[in-house]
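**Student:** Can you read through this structure? Questions will come right after.
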Amino acid sequence: MRKLTFKSRLSLWFTTILASSLLISGIVFAIAYFSVSLVNRQNFMVREAVEVSEKHLTDKNGEIYFMKDDQGKTLSAYLRDEGLSAMVIDNSNTVIGSYGVYSGLLSTTNRESLVRTSDLNKVKIEGKQHFGLYDLYEGRTYLTLVYPVVSNGDIIGLLVLGSDMDFGRQMLVFALILIASIFPVSFVLGWVATNWMVSKSFRPLESLLTKMRGFEVGKLSEKIYIRGN
């Protein structure tokens, strides 16, 4: 195997650094985009949980009842408009209301596969909301929020909101595939560009060496003109 020249090794080194930098930057950007989307979706779901708890759920003798909001919308209509699925669960972990994807799935699967009992109990004990990711409908990933329904300082039940995150996951996968496809192209273009730059940088030195090799006794008076550095 022919040994690479110093110039070729230098070009290869710069090309690898350039292509790797582009690849890493692309991966970081894709992950950052997904993370920001996830945080935005979480904030949206918390706002919606507060809205539902205040305007669609009420307490009567420690039990949860449903009501219309000030615009006359039922909880089902409100969730449909917001693109959300939901379950309302009482203190005995019994589902007393299901909407969207949960409504269909409860008839074919048990509730534990939709939201874990451990997540429900954690919210009851800590009194704080909890997020999780579940594969629910046809393998699609749903971001799930378990939110405590509180009345007079006591938790009287739980609200489970589900939002389809498959679009965000598909965008992340697409971005990673696109980056992986661009990497070979960037490597080739980087090799051409860096090889040209290195060759241009070494051209004065190569010219100097060529003229020096041409020196002989009797030609010592010939001058070598150097341009640039």
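In the structure tokens, the first chain shown is A, the next is B, and so on; residue numbers restart at 1 for each chain, and ligands run from 1 in the order shown.
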From a backbone DSSP assignment, name each residue in segment 20-162 of chain A labelled strand (DSSP E or B), as JSON, numbers by chain.

**Tutor:** {"A": [57, 58, 59, 60, 63, 64, 65, 66, 85, 86, 87, 88, 89, 90, 95, 96, 97, 98, 99, 130, 131, 132, 133, 134, 135, 141, 142, 143, 144, 145, 146, 147, 148, 149, 150, 151, 154, 155, 156, 157, 158, 159, 160, 161, 162]}

**Student:** Can you list, as an NGL selection string, every protein, DNA or RNA residue that comes within 12 Å of Asn43 of chain A when you count only C-alpha atoms, leaving out same-chain residues fewer than 3 positions away?

**Tutor:** :A and (36-40 or 46-50 or 129 or 131 or 143 or 145 or 163)

**Student:** Go ahead and write the selection's residues with all heavy atoms as a CSV table (one decimal), in the first residue's frame.

**Tutor:**
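Listing of result06.csv after writing:
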chain,number,residue,atom,x,y,z
A,36,VAL,N,-36.3,21.1,23.0
A,36,VAL,CA,-37.1,22.3,23.1
A,36,VAL,C,-38.6,22.0,22.8
A,36,VAL,O,-39.5,22.6,23.5
A,36,VAL,CB,-36.6,23.4,22.1
A,36,VAL,CG1,-37.5,24.6,22.0
A,36,VAL,CG2,-35.2,23.9,22.6
A,37,SER,N,-38.8,21.2,21.8
A,37,SER,CA,-40.2,20.9,21.4
A,37,SER,C,-40.9,20.1,22.6
A,37,SER,O,-42.1,20.4,22.9
A,37,SER,CB,-40.2,20.0,20.2
A,37,SER,OG,-39.7,20.6,19.1
A,38,LEU,N,-40.1,19.3,23.2
A,38,LEU,CA,-40.6,18.5,24.4
A,38,LEU,C,-41.0,19.4,25.5
A,38,LEU,O,-42.0,19.3,26.2
A,38,LEU,CB,-39.6,17.4,24.8
A,38,LEU,CG,-40.0,16.5,26.0
A,38,LEU,CD1,-41.3,15.7,25.6
A,38,LEU,CD2,-38.9,15.6,26.4
A,39,VAL,N,-40.1,20.4,25.8
A,39,VAL,CA,-40.3,21.3,26.9
A,39,VAL,C,-41.5,22.2,26.6
A,39,VAL,O,-42.4,22.4,27.5
A,39,VAL,CB,-39.1,22.2,27.2
A,39,VAL,CG1,-39.4,23.3,28.1
A,39,VAL,CG2,-37.9,21.4,27.7
A,40,ASN,N,-41.6,22.7,25.4
A,40,ASN,CA,-42.8,23.5,25.0
A,40,ASN,C,-44.1,22.7,25.1
A,40,ASN,O,-45.1,23.2,25.6
A,40,ASN,CB,-42.6,24.0,23.6
A,40,ASN,CG,-41.6,25.0,23.4
A,40,ASN,OD1,-41.2,25.7,24.4
A,40,ASN,ND2,-41.0,25.2,22.2
A,46,VAL,N,-49.3,21.4,30.9
A,46,VAL,CA,-49.5,21.9,32.3
A,46,VAL,C,-50.6,23.0,32.3
A,46,VAL,O,-51.5,23.0,33.1
A,46,VAL,CB,-48.2,22.4,32.9
A,46,VAL,CG1,-48.5,23.1,34.2
A,46,VAL,CG2,-47.3,21.3,33.2
A,47,ARG,N,-50.5,23.9,31.3
A,47,ARG,CA,-51.5,25.0,31.2
A,47,ARG,C,-52.9,24.4,30.9
A,47,ARG,O,-53.9,24.8,31.5
A,47,ARG,CB,-51.1,26.0,30.1
A,47,ARG,CG,-49.9,26.8,30.4
A,47,ARG,CD,-49.8,28.0,29.4
A,47,ARG,NE,-49.7,27.6,28.0
A,47,ARG,CZ,-48.6,27.3,27.4
A,47,ARG,NH1,-47.4,27.5,28.0
A,47,ARG,NH2,-48.6,26.9,26.1
A,48,GLU,N,-52.9,23.4,30.1
A,48,GLU,CA,-54.2,22.7,29.8
A,48,GLU,C,-54.8,22.0,31.0
A,48,GLU,O,-56.0,22.0,31.2
A,48,GLU,CB,-54.0,21.8,28.6
A,48,GLU,CG,-53.7,22.5,27.3
A,48,GLU,CD,-54.8,23.5,26.9
A,48,GLU,OE1,-56.0,23.1,26.9
A,48,GLU,OE2,-54.4,24.6,26.6
A,49,ALA,N,-53.9,21.4,31.8
A,49,ALA,CA,-54.3,20.6,33.0
A,49,ALA,C,-55.0,21.6,34.0
A,49,ALA,O,-56.0,21.3,34.6
A,49,ALA,CB,-53.2,19.9,33.6
A,50,VAL,N,-54.3,22.8,34.1
A,50,VAL,CA,-54.9,23.8,35.0
A,50,VAL,C,-56.3,24.2,34.5
A,50,VAL,O,-57.2,24.4,35.3
A,50,VAL,CB,-53.9,25.0,35.2
A,50,VAL,CG1,-54.6,26.1,36.0
A,50,VAL,CG2,-52.6,24.6,35.8
A,129,GLN,N,-47.1,17.2,39.8
A,129,GLN,CA,-47.3,16.6,38.5
A,129,GLN,C,-46.2,15.7,38.1
A,129,GLN,O,-45.0,15.8,38.5
A,129,GLN,CB,-47.5,17.7,37.5
A,129,GLN,CG,-46.2,18.5,37.3
A,129,GLN,CD,-46.4,19.9,36.7
A,129,GLN,OE1,-47.5,20.5,36.9
A,129,GLN,NE2,-45.4,20.4,36.0
A,131,PHE,N,-44.5,13.6,34.4
A,131,PHE,CA,-44.5,13.3,33.0
A,131,PHE,C,-43.9,12.0,32.7
A,131,PHE,O,-43.0,11.5,33.4
A,131,PHE,CB,-43.7,14.4,32.3
A,131,PHE,CG,-44.4,15.7,32.1
A,131,PHE,CD1,-44.1,16.8,33.0
A,131,PHE,CD2,-45.3,15.9,31.1
A,131,PHE,CE1,-44.7,18.0,32.8
A,131,PHE,CE2,-46.0,17.1,31.0
A,131,PHE,CZ,-45.6,18.2,31.9
A,143,LEU,N,-46.8,11.7,25.0
A,143,LEU,CA,-46.3,12.3,26.3
A,143,LEU,C,-47.5,12.4,27.2
A,143,LEU,O,-48.6,12.9,26.9
A,143,LEU,CB,-45.8,13.8,26.0
A,143,LEU,CG,-45.4,14.6,27.2
A,143,LEU,CD1,-44.1,14.0,27.8
A,143,LEU,CD2,-45.1,16.0,26.7
A,145,LEU,N,-49.1,13.4,31.0
A,145,LEU,CA,-49.0,14.2,32.2
A,145,LEU,C,-50.0,13.7,33.2
A,145,LEU,O,-51.2,13.6,32.9
A,145,LEU,CB,-49.3,15.7,31.9
A,145,LEU,CG,-49.5,16.6,33.1
A,145,LEU,CD1,-48.3,16.7,34.0
A,145,LEU,CD2,-50.0,18.0,32.7
A,163,SER,N,-50.6,13.5,24.9
A,163,SER,CA,-50.4,14.3,23.7
A,163,SER,C,-49.5,13.5,22.8
A,163,SER,O,-48.4,13.0,23.2
A,163,SER,CB,-49.7,15.6,24.0
A,163,SER,OG,-49.4,16.4,22.8

**Student:** Expressed in Å to a single decimal, how great is the separation between atom CA of Asp59 of chain A and atom CA of Ser151 of chain A?

**Tutor:**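 Straight-line distance from atom CA of Asp59 of chain A to atom CA of Ser151 of chain A works out to 6.7 Å.
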
**Student:** Looking at A:Leu114, A:Leu84, A:Ile17, A:Ile27, which one is nearest to Gly100 of chain A, with distances taken over only C-alpha atoms?

**Tutor:** A:Leu84

**Student:** Mind giving me the straight-line distance from atom CA of Ser118 of chain A to atom CA of Val146 of chain A in Å, one decimal?

**Tutor:**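 Interatomic distance, atom CA of Ser118 of chain A to atom CA of Val146 of chain A: 11.1 Å.
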
**Student:** Name the residues of segment 7-227 of chain A that fall into helix (DSSP H, G or I) according to DSSP on the backbone, using the chain letters and numbers of this document, as number ranges by chain.

**Tutor:** A: 7-55, 75-82, 101-105, 111-113, 117-126, 137-139, 166-213

**Student:** Please determine, counting only C-alpha atoms, which residue among A:Ile89, A:Leu136, A:Glu126, A:Glu54 has the shortest atom-to-atom distance to Thr108 of chain A.

**Tutor:**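 Of the candidates, the smallest distance to Thr108 of chain A is held by A:Leu136.
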
**Student:** Can you measure atom CA of Leu105 of chain A to atom CA of Gly127 of chain A for me? One decimal in Å is fine.

**Tutor:**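 These two atoms are separated by 27.1 Å.
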
**Student:** Determine, counting only C-alpha atoms, which protein, DNA and RNA residues have an atom within 10 Å of an atom of Thr58 of chain A; residues of the same chain fewer than 3 positions away are not included. Present the result as JSON, numbers by chain.

**Tutor:** {"A": [52, 53, 54, 55, 62, 63, 64, 65, 66, 67, 149, 150, 151, 156]}

**Student:** Using C-alpha atoms, can you write the selected residues to a file as a compact mmCIF listing (two decimals), in the first residue's frame?

**Tutor:**
# COMPACT_ATOMS: atom_id res chain seq x y z
CA VAL A 52 -59.39 21.54 32.76
CA SER A 53 -59.14 21.29 36.55
CA GLU A 54 -60.53 24.78 37.10
CA LYS A 55 -63.24 24.91 34.42
CA GLY A 62 -64.97 14.69 47.94
CA GLU A 63 -66.06 13.26 44.60
CA ILE A 64 -65.21 14.59 41.13
CA TYR A 65 -68.02 15.84 38.90
CA PHE A 66 -67.84 17.18 35.36
CA MET A 67 -69.15 20.54 34.20
CA VAL A 149 -56.95 17.43 41.07
CA VAL A 150 -57.08 19.42 44.31
CA SER A 151 -60.00 20.74 46.32
CA ILE A 156 -59.51 14.24 45.27

**Student:** List the neighbours of Tyr137 of chain A out to 10 Å using only C-alpha atoms; skip same-chain residues closer than 3 positions along the sequence, and give me the result as a PDB file with C-alpha atoms, in the first residue's frame.

**Tutor:**
ATOM      1  CA  VAL A 101     -57.247   7.706  22.383  1.00  0.00           C
ATOM      2  CA  TYR A 102     -57.779   6.569  26.002  1.00  0.00           C
ATOM      3  CA  GLY A 104     -60.863   3.504  22.661  1.00  0.00           C
ATOM      4  CA  LEU A 105     -57.928   1.785  24.320  1.00  0.00           C
ATOM      5  CA  LEU A 114     -51.898   3.359  29.591  1.00  0.00           C
ATOM      6  CA  TYR A 134     -45.914   5.785  26.654  1.00  0.00           C
ATOM      7  CA  ARG A 140     -47.170   6.015  18.523  1.00  0.00           C
ATOM      8  CA  THR A 141     -45.438   7.708  21.445  1.00  0.00           C
ATOM      9  CA  TYR A 142     -47.577   9.845  23.743  1.00  0.00           C
ATOM     10  CA  ASP A 164     -49.148  12.576  20.519  1.00  0.00           C
TER      11      ASP A 164
END

**Student:** Show me, as a PyMOL selection string, the residues that have an atom within 8 Å of His130 of chain A when counting only C-alpha atoms, minus same-chain residues fewer than 2 positions from it.

**Tutor:** chain A and resi 119+123+128+132+145-147
